Amino acid sequence: MLRSETRILTTHTGSLPRPAALTALYVRRARGEAVAAGEIEAAGRAALADIVPKQIAAGIDIGNNGEQQREAFFLYVRHRMSGFGGGWVRPGFADMRAYPGWASLAAAMAGARENIANTGTVPQAIGEVTYLDRALIEEECADFRAVLDAQPRGFAEPFLSAPSPGIIASALQNVHYDSDAAYLAALGAALSVEYHAIVDAGFLLQIDAPDLALERHVLFQDRPLRDFLDFAEAVVATINTALHGIPTNRVRMHACWGNYEGPHDRDVDLADILPVLRQAKVGALVLPFANPRHQHETRVLRALAGGDQLVVAGVIDTLTNFVEHPEVVADRIEAAARALGDPARVIAGTDCGFDTSAGRGRVAEDVVWAKLTSLSAGARLASARLFARN
């Protein structure tokens, strides 16, 4: 895993805007409508071929496939794993309950266009969960490698993402296993196939684990903090088991409080969950610091000072169409570097993905690229200041 040895490197959190036609195909399939054989696969490969050079042009050092060949950052597993079917309505967020006016507005905006919903009616685990065929993830890796090989100038380091077992266990209700622990273990074993395949293909692995913060104000909103922390520790232990044999420096883990614009005043504090996050056997933590609710928590990174774990600091908001000024970006990067005490351990990134479920992104596509270009410009400003002092 690259460090920012001479300058601040740039990355993002994974999902990037999907073409409208591809989103429409994902929505049709989710509704149970017929889609011609190979149509989604062809559209996904075309979108992949388009998204990689755009990242490079924006100055992204550590980029990915934009998750173009997936309908959502975790719901895609229902097509790669056995055992999912049925449906249930996932509980609403605590801030949605507290602010019904905002909840009504958010529902109206979500219903204004076609999208893949990951917070409403979603599948359940109704049978044994296993990974169907490693060739499914290997094909995605091969497609990404082919596009990278066709670029005159590629990424300094490429990555691919896969979900945490915790977000699947939380969102896709267990109605098959005799305990939640057994369900979590089965998910960990299935996801281990993807984790290893991604690393074996030569890519960094990013584990998307919003559950390690988000579920405090979803499934655990009416329960003691200790119950949530016990859940988070069980998830991290499952991740560590799934990562067995993978070097720590080939994995980074993203945690967040949910990629939605809302009050977020029921979010758990980073200080409460950081001790649990540190238990993960990963080389970097990917954390959001650009949004107004959590920007101040860069100071919590002081707890990591003196270590060697990297931090991908979110310095670009993924939910508003403001294009951050490069000076603002640089200030945020420098705040993270001061807290850690070592700029080489900081990579500049985004708070979350720009289209975590197809069609649900809040930022216009042209603004996304302006934001990522500003990320790169801010990283250059911060580099000139931080490394001139060393």
# chains A, B, ... in the order shown; residues from 1 in each chain; ligands from 1
call {"tool": "select_by_dssp", "arguments": {"residues": "range 146-286 of chain A", "states": "helix (DSSP H, G or I)", "output": "mmCIF file with N, CA and C atoms, in the first residue's frame"}}
result
data_model
loop_
_atom_site.group_PDB
_atom_site.id
_atom_site.type_symbol
_atom_site.label_atom_id
_atom_site.label_comp_id
_atom_site.auth_asym_id
_atom_site.auth_seq_id
_atom_site.Cartn_x
_atom_site.Cartn_y
_atom_site.Cartn_z
ATOM 1 N N ALA A 146 -7.998 -5.255 -17.811
ATOM 2 C CA ALA A 146 -7.929 -5.000 -19.246
ATOM 3 C C ALA A 146 -8.048 -3.511 -19.549
ATOM 4 N N VAL A 147 -8.925 -2.821 -18.842
ATOM 5 C CA VAL A 147 -9.077 -1.380 -19.059
ATOM 6 C C VAL A 147 -7.832 -0.638 -18.575
ATOM 7 N N LEU A 148 -7.286 -1.050 -17.436
ATOM 8 C CA LEU A 148 -6.054 -0.423 -16.936
ATOM 9 C C LEU A 148 -4.912 -0.594 -17.928
ATOM 10 N N ASP A 149 -4.787 -1.781 -18.492
ATOM 11 C CA ASP A 149 -3.694 -2.063 -19.416
ATOM 12 C C ASP A 149 -3.799 -1.243 -20.696
ATOM 13 N N PRO A 165 -19.097 -8.061 6.071
ATOM 14 C CA PRO A 165 -20.190 -8.982 6.420
ATOM 15 C C PRO A 165 -21.232 -8.319 7.310
ATOM 16 N N GLY A 166 -20.806 -7.298 8.051
ATOM 17 C CA GLY A 166 -21.727 -6.627 8.963
ATOM 18 C C GLY A 166 -22.826 -5.851 8.279
ATOM 19 N N ILE A 167 -22.517 -5.193 7.145
ATOM 20 C CA ILE A 167 -23.564 -4.423 6.480
ATOM 21 C C ILE A 167 -24.576 -5.359 5.842
ATOM 22 N N ILE A 168 -24.111 -6.510 5.356
ATOM 23 C CA ILE A 168 -25.053 -7.475 4.785
ATOM 24 C C ILE A 168 -25.912 -8.086 5.895
ATOM 25 N N ALA A 169 -25.272 -8.464 6.997
ATOM 26 C CA ALA A 169 -26.022 -9.057 8.114
ATOM 27 C C ALA A 169 -27.060 -8.089 8.662
ATOM 28 N N SER A 170 -26.737 -6.795 8.652
ATOM 29 C CA SER A 170 -27.658 -5.787 9.183
ATOM 30 C C SER A 170 -28.808 -5.513 8.225
ATOM 31 N N ALA A 171 -28.491 -5.401 6.931
ATOM 32 C CA ALA A 171 -29.496 -4.971 5.964
ATOM 33 C C ALA A 171 -30.327 -6.125 5.412
ATOM 34 N N ASP A 180 -27.595 -15.100 14.932
ATOM 35 C CA ASP A 180 -26.959 -14.034 14.141
ATOM 36 C C ASP A 180 -25.463 -14.299 13.998
ATOM 37 N N ALA A 181 -24.874 -14.925 15.006
ATOM 38 C CA ALA A 181 -23.446 -15.237 14.937
ATOM 39 C C ALA A 181 -23.175 -16.228 13.809
ATOM 40 N N ALA A 182 -24.048 -17.221 13.649
ATOM 41 C CA ALA A 182 -23.867 -18.194 12.570
ATOM 42 C C ALA A 182 -24.032 -17.536 11.205
ATOM 43 N N TYR A 183 -24.985 -16.611 11.102
ATOM 44 C CA TYR A 183 -25.196 -15.878 9.842
ATOM 45 C C TYR A 183 -23.972 -15.029 9.510
ATOM 46 N N LEU A 184 -23.451 -14.330 10.501
ATOM 47 C CA LEU A 184 -22.272 -13.486 10.286
ATOM 48 C C LEU A 184 -21.084 -14.334 9.842
ATOM 49 N N ALA A 185 -20.900 -15.488 10.461
ATOM 50 C CA ALA A 185 -19.788 -16.367 10.091
ATOM 51 C C ALA A 185 -19.937 -16.862 8.655
ATOM 52 N N ALA A 186 -21.152 -17.199 8.250
ATOM 53 C CA ALA A 186 -21.380 -17.657 6.875
ATOM 54 C C ALA A 186 -21.084 -16.542 5.876
ATOM 55 N N LEU A 187 -21.482 -15.341 6.212
ATOM 56 C CA LEU A 187 -21.197 -14.206 5.338
ATOM 57 C C LEU A 187 -19.698 -13.957 5.235
ATOM 58 N N GLY A 188 -19.004 -14.061 6.354
ATOM 59 C CA GLY A 188 -17.563 -13.876 6.338
ATOM 60 C C GLY A 188 -16.874 -14.896 5.448
ATOM 61 N N ALA A 189 -17.308 -16.144 5.522
ATOM 62 C CA ALA A 189 -16.714 -17.193 4.691
ATOM 63 C C ALA A 189 -16.984 -16.937 3.216
ATOM 64 N N ALA A 190 -18.198 -16.496 2.882
ATOM 65 C CA ALA A 190 -18.535 -16.217 1.488
ATOM 66 C C ALA A 190 -17.753 -15.017 0.969
ATOM 67 N N LEU A 191 -17.690 -13.961 1.755
ATOM 68 C CA LEU A 191 -16.978 -12.752 1.321
ATOM 69 C C LEU A 191 -15.477 -12.970 1.237
ATOM 70 N N SER A 192 -14.956 -13.908 1.999
ATOM 71 C CA SER A 192 -13.531 -14.206 1.941
ATOM 72 C C SER A 192 -13.114 -14.571 0.523
ATOM 73 N N VAL A 193 -14.015 -15.181 -0.235
ATOM 74 C CA VAL A 193 -13.720 -15.528 -1.630
ATOM 75 C C VAL A 193 -13.416 -14.259 -2.421
ATOM 76 N N GLU A 194 -14.246 -13.238 -2.252
ATOM 77 C CA GLU A 194 -14.006 -11.979 -2.971
ATOM 78 C C GLU A 194 -12.754 -11.278 -2.455
ATOM 79 N N TYR A 195 -12.583 -11.247 -1.148
ATOM 80 C CA TYR A 195 -11.420 -10.573 -0.575
ATOM 81 C C TYR A 195 -10.125 -11.144 -1.168
ATOM 82 N N HIS A 196 -10.023 -12.463 -1.171
ATOM 83 C CA HIS A 196 -8.800 -13.095 -1.662
ATOM 84 C C HIS A 196 -8.646 -12.946 -3.174
ATOM 85 N N ALA A 197 -9.739 -13.031 -3.908
ATOM 86 C CA ALA A 197 -9.656 -12.909 -5.363
ATOM 87 C C ALA A 197 -9.169 -11.522 -5.775
ATOM 88 N N ILE A 198 -9.640 -10.499 -5.090
ATOM 89 C CA ILE A 198 -9.224 -9.127 -5.408
ATOM 90 C C ILE A 198 -7.731 -8.947 -5.168
ATOM 91 N N VAL A 199 -7.250 -9.423 -4.038
ATOM 92 C CA VAL A 199 -5.825 -9.281 -3.722
ATOM 93 C C VAL A 199 -4.989 -10.170 -4.642
ATOM 94 N N ASP A 200 -5.471 -11.366 -4.920
ATOM 95 C CA ASP A 200 -4.746 -12.265 -5.817
ATOM 96 C C ASP A 200 -4.609 -11.665 -7.217
ATOM 97 N N ASP A 211 -21.523 -0.245 8.441
ATOM 98 C CA ASP A 211 -22.184 -0.811 9.613
ATOM 99 C C ASP A 211 -21.471 -0.477 10.911
ATOM 100 N N LEU A 212 -20.150 -0.273 10.838
ATOM 101 C CA LEU A 212 -19.372 -0.039 12.057
ATOM 102 C C LEU A 212 -19.614 1.345 12.662
ATOM 103 N N ALA A 213 -20.401 2.166 11.973
ATOM 104 C CA ALA A 213 -20.857 3.442 12.542
ATOM 105 C C ALA A 213 -22.363 3.596 12.341
ATOM 106 N N LEU A 214 -22.822 3.321 11.127
ATOM 107 C CA LEU A 214 -24.227 3.536 10.749
ATOM 108 C C LEU A 214 -25.216 2.783 11.629
ATOM 109 N N GLU A 215 -24.928 1.533 11.934
ATOM 110 C CA GLU A 215 -25.932 0.716 12.616
ATOM 111 C C GLU A 215 -26.238 1.189 14.033
ATOM 112 N N ARG A 216 -25.391 2.057 14.566
ATOM 113 C CA ARG A 216 -25.706 2.617 15.893
ATOM 114 C C ARG A 216 -27.042 3.346 15.853
ATOM 115 N N HIS A 217 -27.344 4.045 14.735
ATOM 116 C CA HIS A 217 -28.614 4.765 14.674
ATOM 117 C C HIS A 217 -29.626 4.090 13.743
ATOM 118 N N LEU A 225 -25.220 1.674 23.999
ATOM 119 C CA LEU A 225 -24.028 1.773 23.171
ATOM 120 C C LEU A 225 -23.206 0.491 23.250
ATOM 121 N N ARG A 226 -23.125 -0.103 24.422
ATOM 122 C CA ARG A 226 -22.310 -1.310 24.588
ATOM 123 C C ARG A 226 -22.786 -2.432 23.667
ATOM 124 N N ASP A 227 -24.096 -2.540 23.454
ATOM 125 C CA ASP A 227 -24.612 -3.567 22.550
ATOM 126 C C ASP A 227 -24.103 -3.339 21.136
ATOM 127 N N PHE A 228 -24.120 -2.085 20.718
ATOM 128 C CA PHE A 228 -23.627 -1.780 19.377
ATOM 129 C C PHE A 228 -22.139 -2.069 19.260
ATOM 130 N N LEU A 229 -21.370 -1.691 20.264
ATOM 131 C CA LEU A 229 -19.925 -1.935 20.217
ATOM 132 C C LEU A 229 -19.626 -3.435 20.201
ATOM 133 N N ASP A 230 -20.421 -4.219 20.907
ATOM 134 C CA ASP A 230 -20.244 -5.679 20.869
ATOM 135 C C ASP A 230 -20.492 -6.203 19.452
ATOM 136 N N PHE A 231 -21.530 -5.679 18.807
ATOM 137 C CA PHE A 231 -21.809 -6.048 17.412
ATOM 138 C C PHE A 231 -20.627 -5.668 16.519
ATOM 139 N N ALA A 232 -20.131 -4.445 16.667
ATOM 140 C CA ALA A 232 -19.027 -3.984 15.831
ATOM 141 C C ALA A 232 -17.779 -4.838 16.039
ATOM 142 N N GLU A 233 -17.511 -5.210 17.279
ATOM 143 C CA GLU A 233 -16.351 -6.065 17.545
ATOM 144 C C GLU A 233 -16.519 -7.435 16.900
ATOM 145 N N ALA A 234 -17.730 -7.968 16.907
ATOM 146 C CA ALA A 234 -17.982 -9.262 16.265
ATOM 147 C C ALA A 234 -17.774 -9.162 14.756
ATOM 148 N N VAL A 235 -18.189 -8.051 14.164
ATOM 149 C CA VAL A 235 -17.992 -7.852 12.732
ATOM 150 C C VAL A 235 -16.509 -7.775 12.402
ATOM 151 N N VAL A 236 -15.762 -6.995 13.176
ATOM 152 C CA VAL A 236 -14.324 -6.859 12.918
ATOM 153 C C VAL A 236 -13.623 -8.204 13.072
ATOM 154 N N ALA A 237 -14.010 -8.974 14.072
ATOM 155 C CA ALA A 237 -13.412 -10.308 14.244
ATOM 156 C C ALA A 237 -13.715 -11.192 13.034
ATOM 157 N N THR A 238 -14.915 -11.083 12.500
ATOM 158 C CA THR A 238 -15.286 -11.863 11.313
ATOM 159 C C THR A 238 -14.474 -11.412 10.101
ATOM 160 N N ILE A 239 -14.297 -10.112 9.950
ATOM 161 C CA ILE A 239 -13.471 -9.580 8.862
ATOM 162 C C ILE A 239 -12.055 -10.122 8.979
ATOM 163 N N ASN A 240 -11.498 -10.086 10.174
ATOM 164 C CA ASN A 240 -10.127 -10.567 10.370
ATOM 165 C C ASN A 240 -9.992 -12.044 9.992
ATOM 166 N N THR A 241 -10.987 -12.837 10.324
ATOM 167 C CA THR A 241 -10.959 -14.245 9.940
ATOM 168 C C THR A 241 -11.020 -14.392 8.416
ATOM 169 N N ALA A 242 -11.882 -13.606 7.788
ATOM 170 C CA ALA A 242 -12.021 -13.663 6.328
ATOM 171 C C ALA A 242 -10.756 -13.219 5.612
ATOM 172 N N THR A 248 -1.680 -7.355 5.694
ATOM 173 C CA THR A 248 -2.388 -6.185 6.205
ATOM 174 C C THR A 248 -2.251 -4.989 5.272
ATOM 175 N N ASN A 249 -1.066 -4.831 4.684
ATOM 176 C CA ASN A 249 -0.838 -3.642 3.854
ATOM 177 C C ASN A 249 -1.476 -3.741 2.470
ATOM 178 N N ARG A 250 -2.316 -4.766 2.240
ATOM 179 C CA ARG A 250 -3.070 -4.858 0.989
ATOM 180 C C ARG A 250 -4.550 -4.560 1.197
ATOM 181 N N LEU A 270 -16.962 9.299 16.677
ATOM 182 C CA LEU A 270 -15.800 8.550 16.208
ATOM 183 C C LEU A 270 -14.958 8.053 17.382
ATOM 184 N N ALA A 271 -14.849 8.860 18.424
ATOM 185 C CA ALA A 271 -14.048 8.460 19.586
ATOM 186 C C ALA A 271 -14.564 7.172 20.208
ATOM 187 N N ASP A 272 -15.878 6.925 20.101
ATOM 188 C CA ASP A 272 -16.457 5.714 20.686
ATOM 189 C C ASP A 272 -16.135 4.468 19.866
ATOM 190 N N ILE A 273 -16.031 4.628 18.547
ATOM 191 C CA ILE A 273 -15.849 3.447 17.698
ATOM 192 C C ILE A 273 -14.409 3.241 17.239
ATOM 193 N N LEU A 274 -13.562 4.253 17.371
ATOM 194 C CA LEU A 274 -12.195 4.102 16.876
ATOM 195 C C LEU A 274 -11.460 2.929 17.527
ATOM 196 N N PRO A 275 -11.597 2.689 18.837
ATOM 197 C CA PRO A 275 -10.916 1.514 19.410
ATOM 198 C C PRO A 275 -11.329 0.199 18.745
ATOM 199 N N VAL A 276 -12.576 0.114 18.287
ATOM 200 C CA VAL A 276 -13.023 -1.093 17.592
ATOM 201 C C VAL A 276 -12.439 -1.136 16.182
ATOM 202 N N LEU A 277 -12.463 -0.009 15.486
ATOM 203 C CA LEU A 277 -11.913 0.037 14.126
ATOM 204 C C LEU A 277 -10.442 -0.370 14.128
#
call {"tool": "residues_around", "arguments": {"residues": "Ala156 in chain A", "least_positions_apart": "5", "cutoff": "9 Å", "atoms": "only C-alpha atoms", "output": "ChimeraX atom specification"}}
result
/A:2,60-63
call {"tool": "select_by_dssp", "arguments": {"residues": "range 31-164 of chain A", "states": "strand (DSSP E)", "output": "list of chain:residue names"}}
result
A:Ile62, A:Gly63, A:Phe84, A:Gly85, A:Gly86, A:Gly87, A:Trp88, A:Val89, A:Thr121, A:Val122, A:Pro123, A:Gln124, A:Ala125, A:Glu157, A:Pro158, A:Phe159, A:Leu160, A:Ser161, A:Ala162, A:Pro163
call {"tool": "write_last_selection", "arguments": {"atoms": "N, CA and C atoms", "output": "mmCIF file, in the first residue's frame"}}
result
data_model
loop_
_atom_site.group_PDB
_atom_site.id
_atom_site.type_symbol
_atom_site.label_atom_id
_atom_site.label_comp_id
_atom_site.auth_asym_id
_atom_site.auth_seq_id
_atom_site.Cartn_x
_atom_site.Cartn_y
_atom_site.Cartn_z
ATOM 1 N N ILE A 62 -5.030 6.716 -6.707
ATOM 2 C CA ILE A 62 -5.440 5.378 -6.295
ATOM 3 C C ILE A 62 -6.910 5.246 -6.659
ATOM 4 N N GLY A 63 -7.166 4.632 -7.824
ATOM 5 C CA GLY A 63 -8.525 4.595 -8.349
ATOM 6 C C GLY A 63 -9.047 3.182 -8.514
ATOM 7 N N PHE A 84 -30.343 -15.812 -0.761
ATOM 8 C CA PHE A 84 -31.102 -14.575 -0.591
ATOM 9 C C PHE A 84 -32.403 -14.600 -1.381
ATOM 10 N N GLY A 85 -33.447 -14.077 -0.765
ATOM 11 C CA GLY A 85 -34.759 -14.005 -1.395
ATOM 12 C C GLY A 85 -35.716 -13.299 -0.459
ATOM 13 N N GLY A 86 -36.994 -13.397 -0.753
ATOM 14 C CA GLY A 86 -37.971 -12.754 0.115
ATOM 15 C C GLY A 86 -37.765 -11.259 0.182
ATOM 16 N N GLY A 87 -38.151 -10.664 1.288
ATOM 17 C CA GLY A 87 -37.975 -9.227 1.456
ATOM 18 C C GLY A 87 -38.479 -8.759 2.797
ATOM 19 N N TRP A 88 -37.913 -7.667 3.262
ATOM 20 C CA TRP A 88 -38.365 -7.044 4.501
ATOM 21 C C TRP A 88 -38.077 -5.556 4.411
ATOM 22 N N VAL A 89 -38.684 -4.787 5.273
ATOM 23 C CA VAL A 89 -38.479 -3.339 5.282
ATOM 24 C C VAL A 89 -37.500 -2.998 6.390
ATOM 25 N N THR A 121 -37.410 -1.888 1.041
ATOM 26 C CA THR A 121 -37.605 -3.326 0.979
ATOM 27 C C THR A 121 -36.389 -3.979 0.333
ATOM 28 N N VAL A 122 -35.719 -4.829 1.079
ATOM 29 C CA VAL A 122 -34.497 -5.492 0.614
ATOM 30 C C VAL A 122 -34.606 -6.986 0.915
ATOM 31 N N PRO A 123 -33.760 -7.813 0.286
ATOM 32 C CA PRO A 123 -33.876 -9.268 0.486
ATOM 33 C C PRO A 123 -33.550 -9.712 1.911
ATOM 34 N N GLN A 124 -33.847 -10.973 2.161
ATOM 35 C CA GLN A 124 -33.509 -11.639 3.415
ATOM 36 C C GLN A 124 -32.622 -12.842 3.116
ATOM 37 N N ALA A 125 -31.982 -13.327 4.152
ATOM 38 C CA ALA A 125 -31.272 -14.604 4.046
ATOM 39 C C ALA A 125 -32.271 -15.703 4.372
ATOM 40 N N GLU A 157 -1.797 3.148 -7.985
ATOM 41 C CA GLU A 157 -2.208 1.905 -7.334
ATOM 42 C C GLU A 157 -3.713 1.738 -7.528
ATOM 43 N N PRO A 158 -4.171 0.597 -8.041
ATOM 44 C CA PRO A 158 -5.607 0.375 -8.215
ATOM 45 C C PRO A 158 -6.200 -0.395 -7.032
ATOM 46 N N PHE A 159 -7.494 -0.190 -6.801
ATOM 47 C CA PHE A 159 -8.178 -0.934 -5.747
ATOM 48 C C PHE A 159 -9.539 -1.396 -6.234
ATOM 49 N N LEU A 160 -10.071 -2.397 -5.563
ATOM 50 C CA LEU A 160 -11.452 -2.829 -5.744
ATOM 51 C C LEU A 160 -12.078 -3.008 -4.367
ATOM 52 N N SER A 161 -13.359 -2.827 -4.293
ATOM 53 C CA SER A 161 -14.042 -2.886 -3.005
ATOM 54 C C SER A 161 -14.883 -4.150 -2.877
ATOM 55 N N ALA A 162 -15.213 -4.474 -1.638
ATOM 56 C CA ALA A 162 -16.140 -5.556 -1.304
ATOM 57 C C ALA A 162 -16.761 -5.197 0.042
ATOM 58 N N PRO A 163 -18.002 -5.596 0.283
ATOM 59 C CA PRO A 163 -18.671 -5.171 1.513
ATOM 60 C C PRO A 163 -18.217 -5.934 2.748
#
call {"tool": "atom_distance", "arguments": {"atom1": "CA of Pro19 in chain A", "atom2": "CA of Pro210 in chain A"}}
result
24.8 Å
call {"tool": "residues_around", "arguments": {"residues": "range 53-59 of chain A", "least_positions_apart": "3", "cutoff": "9 Å", "atoms": "only C-alpha atoms", "output": "ChimeraX atom specification"}}
result
/A:10-11,49-50,63-64,147-148,151,153-155,369-377
call {"tool": "closest_residue", "arguments": {"among": "A:Ala358, A:Met96, A:Ala150, A:Ile316", "to": "Gly44 in chain A", "atoms": "only C-alpha atoms"}}
result
A:Ala358
call {"tool": "residues_around", "arguments": {"residues": "Ala24 in chain A", "least_positions_apart": "5", "cutoff": "12 Å", "atoms": "only C-alpha atoms", "output": "list of chain:residue names"}}
result
A:Arg18, A:Pro19, A:Arg29, A:Ala30, A:Arg31, A:Glu33, A:Val35, A:Glu39, A:Ile40, A:Ala43, A:Gly44, A:Glu71, A:Arg113, A:Glu114, A:Asn115, A:Ile116, A:Ala358, A:Gly359
call {"tool": "closest_residue", "arguments": {"among": "A:His244, A:Arg302, A:Arg360, A:Arg332", "to": "Glu261 in chain A", "atoms": "only C-alpha atoms"}}
result
A:Arg360
call {"tool": "residues_around", "arguments": {"residues": "Phe322 in chain A", "least_positions_apart": "3", "cutoff": "9 Å", "atoms": "only C-alpha atoms", "output": "mmCIF file with C-alpha atoms, in the first residue's frame"}}
result
data_model
loop_
_atom_site.group_PDB
_atom_site.id
_atom_site.type_symbol
_atom_site.label_atom_id
_atom_site.label_comp_id
_atom_site.auth_asym_id
_atom_site.auth_seq_id
_atom_site.Cartn_x
_atom_site.Cartn_y
_atom_site.Cartn_z
ATOM 1 C CA ASP A 317 -18.305 15.908 0.583
ATOM 2 C CA LEU A 319 -23.721 14.753 -0.887
ATOM 3 C CA HIS A 325 -12.115 25.268 -2.976
ATOM 4 C CA VAL A 363 -24.170 15.108 -6.936
ATOM 5 C CA VAL A 367 -19.831 18.312 -10.515
ATOM 6 C CA LYS A 371 -14.885 17.908 -7.033
#
call {"tool": "atom_distance", "arguments": {"atom1": "CA of Val129 in chain A", "atom2": "CA of Ala280 in chain A"}}
result
23.4 Å
call {"tool": "atom_distance", "arguments": {"atom1": "CA of Ser4 in chain A", "atom2": "CA of Ala384 in chain A"}}
result
12.5 Å
call {"tool": "residues_around", "arguments": {"residues": "Ala284 in chain A", "least_positions_apart": "5", "cutoff": "10 Å", "atoms": "only C-alpha atoms", "output": "NGL selection string"}}
result
:A and (1 or 206 or 248-254 or 278 or 308-312 or 345-347)
call {"tool": "write_last_selection", "arguments": {"atoms": "N, CA and C atoms", "output": "compact mmCIF listing (two decimals), in the first residue's frame"}}
result
# COMPACT_ATOMS: atom_id res chain seq x y z
N MET A 1 0.85 -1.19 0.00
CA MET A 1 0.00 0.00 0.00
C MET A 1 0.89 1.24 0.00
N GLN A 206 -10.53 -2.81 -0.66
CA GLN A 206 -11.21 -1.91 0.27
C GLN A 206 -12.45 -2.61 0.79
N THR A 248 -1.68 -7.35 5.69
CA THR A 248 -2.39 -6.18 6.21
C THR A 248 -2.25 -4.99 5.27
N ASN A 249 -1.07 -4.83 4.68
CA ASN A 249 -0.84 -3.64 3.85
C ASN A 249 -1.48 -3.74 2.47
N ARG A 250 -2.32 -4.77 2.24
CA ARG A 250 -3.07 -4.86 0.99
C ARG A 250 -4.55 -4.56 1.20
N VAL A 251 -4.90 -4.09 2.41
CA VAL A 251 -6.31 -3.89 2.74
C VAL A 251 -6.52 -2.54 3.41
N ARG A 252 -7.57 -1.86 2.99
CA ARG A 252 -8.03 -0.68 3.71
C ARG A 252 -9.52 -0.85 4.00
N MET A 253 -10.02 -0.17 5.03
CA MET A 253 -11.41 -0.36 5.45
C MET A 253 -12.10 0.97 5.60
N HIS A 254 -13.26 1.09 4.97
CA HIS A 254 -14.06 2.31 5.03
C HIS A 254 -15.19 2.15 6.03
N ARG A 278 -9.73 0.00 15.16
CA ARG A 278 -8.30 -0.29 15.24
C ARG A 278 -8.02 -1.78 15.39
N ASP A 308 1.63 3.17 12.49
CA ASP A 308 1.99 3.12 11.08
C ASP A 308 0.78 2.93 10.18
N GLN A 309 -0.42 2.80 10.75
CA GLN A 309 -1.62 2.64 9.96
C GLN A 309 -1.93 3.94 9.22
N LEU A 310 -2.27 3.84 7.94
CA LEU A 310 -2.60 5.02 7.15
C LEU A 310 -4.04 5.44 7.39
N VAL A 311 -4.34 6.69 7.06
CA VAL A 311 -5.71 7.20 7.12
C VAL A 311 -6.03 7.86 5.79
N VAL A 312 -7.07 7.36 5.15
CA VAL A 312 -7.63 8.05 3.99
C VAL A 312 -8.66 9.01 4.55
N ARG A 345 1.37 9.42 6.29
CA ARG A 345 0.31 8.49 6.64
C ARG A 345 -1.07 8.97 6.19
N VAL A 346 -1.13 10.11 5.51
CA VAL A 346 -2.41 10.68 5.08
C VAL A 346 -2.57 10.54 3.57
N ILE A 347 -3.71 10.04 3.16
CA ILE A 347 -4.12 10.04 1.77
C ILE A 347 -5.42 10.83 1.69
call {"tool": "residues_around", "arguments": {"residues": "Asp342 in chain A", "least_positions_apart": "4", "cutoff": "12 Å", "atoms": "only C-alpha atoms", "output": "ChimeraX atom specification"}}
result
/A:3-8,301-302,304-311,333-338,346-347,386-387,389-390
